[in-house]
Amino acid sequence: MVDIATRVYNHKWKIDPIVRSLIDTDFYKLLMCQSVFRYKPDAQVTFSLINRTKTIRLADIVDEGVLREQLDHVRSLRLSRGESTWLRGNMFYGKRQMFRSDFMEWFEKLQLPPYHLEKVDGQYELTFEGSWPEVMLWEISALSILMELRSRAVLKGMGKFELQVLYARAMTKLWEKIERLREVEHLNVADFGTRRRHSFMWQDWCVQAMHEGLGERFTGTSNCLIAMRREVEAIGTNAHELPMVYSALADSDEELAQAPYQVLADWQDEHDSNLLIMLPDTYGTEGFLARAPEWLDKWTGIRIDSGDPATGAELAINWWKSRGQDPREKRIIFSDGLDDYKIIELANQFNGRVRVAFGWGTMLTNDFRGLVPDDALAPFSLVCKAVAANGRPTVKLSDNPRKAMGPADEIARYKRVFGVGEQTEMDVVV
């Protein structure tokens, strides 16, 4: 097992680059990329880094030259033969050859497009522009780089023994969470923590600890590289990016209203009735479900990623019942702001009523809260989102208005089209 503290103390970034592979990314990004490659390959999309936690002045913490080195390194990466073989031949969700030959041939030749970086008022403005299938693969790499460079900046002045104690405390903290989760027999939890991890080595350690500590109740990781190396399942389906871009491409209010369902129609066609988990909160869960076409009734499940999770689960269960479906045969995946106590609470609350699963993110792979002075390693809310498509702004409403994004006039238009009224604000944890 890697001695993380010693590696950090003796750090040479060319030995430990932050992003080590084009598949050091979330599985859902590759699944979505293949779908986009098929249906919207020519859409021109802009992604932008957004730091929701303004008190963390990244440009004052992270050296610009080091950031550029890490970003340039990602542009030098190509898919290796072993990685290509794994993607082409491995079994994912019970299906072999999940990734088509034409997509793999394209991916094997891919170089990520250029980036644009500026400093503005203590923050980095980092943007990526290009064809949608190419530019979308920057998202997870950009987030991983900024999060880890912030961690490295905080750790830089620590001595070898101080680092040993820090990581021992962090390991103990996670293992105590695992011990509490062990008490839940009906648990189903996966690692969703790539985008805001403390570091690659730490995420890798967390996955190994979860695998040993929880056994079959740990269902896998969203990180493809770690899944391949550790021989665990790669987990993921789709994200808000798809409906946001499809909606921005709509030419009328009528097309806009149908865009979230067109996304899922294309997804269903692409995956041949596999991976049928919908994410309904992009423009409000309640309205999405109320207007959902009948063919969505038979989808496998729903992921809840904003708003109060218990309220969202009740809404999903009642919707399935109203559509003549048995919720006990459906799956709800909770993935927003989770920690062990919330996982235990939700698992017990909905056990027997629906099949419950959890995608555990930041508080799995980046919980160093309270372990250094001034809480300088506490996680913060950093995102990299599609902000424009073919020159039109994207919009996200969410079930939590604090997660909303887009120009004010477009937000108002989307609320009108999707019938979104008053919403309850909740703190954005990470």
# chains A, B, ... in the order shown; residues from 1 in each chain; ligands from 1
>>> closest_atom_pairs(of="segment 319-378 of chain A", to="segment 206-224 of chain A", cutoff="9 Å", atoms="only C-alpha atoms", output="tab-separated table")
residue	atom	partner	partner_atom	distance
A:Gly359	CA	A:Ser222	CA	8.6
A:Leu364	CA	A:Cys206	CA	7.2
A:Thr365	CA	A:Cys206	CA	6.4
>>> residues_around(residues="Ile56 of chain A", least_positions_apart="3", cutoff="10 Å", atoms="only C-alpha atoms", output="number ranges by chain")
A: 51-53, 59-61, 122-123, 150, 376, 380-382
>>> atom_distance(atom1="atom CA of Glu83 of chain A", atom2="atom CA of Asn188 of chain A")
27.2 Å
>>> residues_around(residues="Ile344 of chain A", least_positions_apart="6", cutoff="10 Å", atoms="only C-alpha atoms", output="list in words")
Arg180, Leu181, Arg182, Glu183, Val184, His186, Leu187 and Leu338 of chain A
>>> select_by_dssp(residues="segment 48-98 of chain A", states="alpha helix (DSSP H)", output="PyMOL selection string")
chain A and resi 58-61+64-76+81-89
>>> write_last_selection(atoms="C-alpha atoms", output="compact mmCIF listing (two decimals), in the first residue's frame")
# COMPACT_ATOMS: atom_id res chain seq x y z
CA LEU A 58 -7.92 29.98 -5.52
CA ALA A 59 -5.70 32.31 -7.53
CA ASP A 60 -4.05 33.48 -4.30
CA ILE A 61 -3.47 29.88 -3.14
CA GLU A 64 -0.55 29.81 -12.01
CA GLY A 65 2.57 28.26 -13.50
CA VAL A 66 2.00 24.98 -11.69
CA LEU A 67 -1.66 25.00 -12.73
CA ARG A 68 -0.67 25.47 -16.38
CA GLU A 69 1.84 22.61 -16.13
CA GLN A 70 -0.85 20.26 -14.86
CA LEU A 71 -3.36 21.36 -17.51
CA ASP A 72 -0.73 21.00 -20.25
CA HIS A 73 0.09 17.53 -18.96
CA VAL A 74 -3.55 16.47 -19.41
CA ARG A 75 -3.37 17.63 -23.03
CA SER A 76 -0.37 15.34 -23.54
CA ARG A 81 -3.45 0.11 -25.13
CA GLY A 82 -4.37 -1.45 -21.79
CA GLU A 83 -7.00 1.20 -21.08
CA SER A 84 -8.51 0.75 -24.53
CA THR A 85 -8.63 -3.02 -24.06
CA TRP A 86 -10.35 -2.60 -20.70
CA LEU A 87 -13.02 -0.27 -22.13
CA ARG A 88 -13.57 -2.41 -25.21
CA GLY A 89 -13.68 -5.80 -23.53
>>> closest_atom_pairs(of="segment 277-296 of chain A", to="segment 415-426 of chain A", cutoff="10 Å", atoms="only C-alpha atoms", output="CSV")
residue,atom,partner,partner_atom,distance
A:Tyr283,CA,A:Phe418,CA,6.7
A:Gly284,CA,A:Val420,CA,6.5
A:Thr285,CA,A:Val420,CA,9.5
A:Glu286,CA,A:Val420,CA,8.7
A:Gly287,CA,A:Phe418,CA,6.7
A:Phe288,CA,A:Phe418,CA,7.8
A:Arg291,CA,A:Phe418,CA,9.5
>>> closest_residue(among="A:Ala153, A:Ala239, A:Val62, A:Met91", to="Cys33 of chain A", atoms="only C-alpha atoms")
A:Ala239
>>> residues_around(residues="Gly352 of chain A", least_positions_apart="4", cutoff="10 Å", atoms="only C-alpha atoms", output="NGL selection string")
:A and (186 or 327-329 or 347-348 or 356)
>>> atom_distance(atom1="atom CA of Val395 of chain A", atom2="atom CA of Ser252 of chain A")
14.8 Å
>>> closest_residue(among="A:Ala170, A:Glu185, A:Val232, A:Phe107", to="Asn351 of chain A", atoms="only C-alpha atoms")
A:Glu185
>>> select_by_dssp(residues="segment 168-323 of chain A", states="strand (DSSP E)", output="short mmCIF file (atom, residue, chain, number, x, y, z; two decimals) with N, CA and C atoms, in the first residue's frame")
data_model
loop_
_atom_site.label_atom_id
_atom_site.label_comp_id
_atom_site.auth_asym_id
_atom_site.auth_seq_id
_atom_site.Cartn_x
_atom_site.Cartn_y
_atom_site.Cartn_z
N VAL A 189 -23.61 1.23 -1.52
CA VAL A 189 -22.95 2.53 -1.63
C VAL A 189 -21.76 2.44 -2.57
N ALA A 190 -21.58 3.47 -3.39
CA ALA A 190 -20.47 3.56 -4.34
C ALA A 190 -19.72 4.87 -4.13
N ASP A 191 -18.47 4.90 -4.56
CA ASP A 191 -17.65 6.11 -4.53
C ASP A 191 -17.98 6.99 -5.73
N PHE A 218 -20.19 -2.37 -0.70
CA PHE A 218 -19.52 -1.36 -1.52
C PHE A 218 -19.61 -1.82 -2.97
N THR A 219 -20.32 -1.07 -3.79
CA THR A 219 -20.67 -1.55 -5.13
C THR A 219 -19.72 -1.09 -6.22
N GLY A 220 -18.79 -0.16 -5.92
CA GLY A 220 -17.84 0.24 -6.94
C GLY A 220 -17.49 1.71 -6.85
N THR A 221 -16.80 2.19 -7.88
CA THR A 221 -16.34 3.58 -7.94
C THR A 221 -16.70 4.19 -9.28
N ILE A 277 -31.50 5.10 -15.51
CA ILE A 277 -31.65 5.91 -14.31
C ILE A 277 -31.82 7.37 -14.75
N MET A 278 -32.93 7.99 -14.40
CA MET A 278 -33.17 9.38 -14.81
C MET A 278 -32.75 10.34 -13.70
N GLY A 301 -34.91 3.57 -12.41
CA GLY A 301 -34.82 4.35 -11.18
C GLY A 301 -34.59 5.82 -11.40
N ILE A 302 -34.37 6.52 -10.30
CA ILE A 302 -34.21 7.97 -10.27
C ILE A 302 -33.04 8.33 -9.36
N ARG A 303 -32.20 9.27 -9.81
CA ARG A 303 -31.13 9.80 -8.96
C ARG A 303 -31.58 11.13 -8.39
N ILE A 304 -31.39 11.31 -7.08
CA ILE A 304 -31.78 12.53 -6.38
C ILE A 304 -30.52 13.31 -6.03
#
>>> closest_residue(among="A:Ser398, A:Asn90, A:Thr311, A:Thr362", to="Gln349 of chain A", atoms="only C-alpha atoms")
A:Thr311
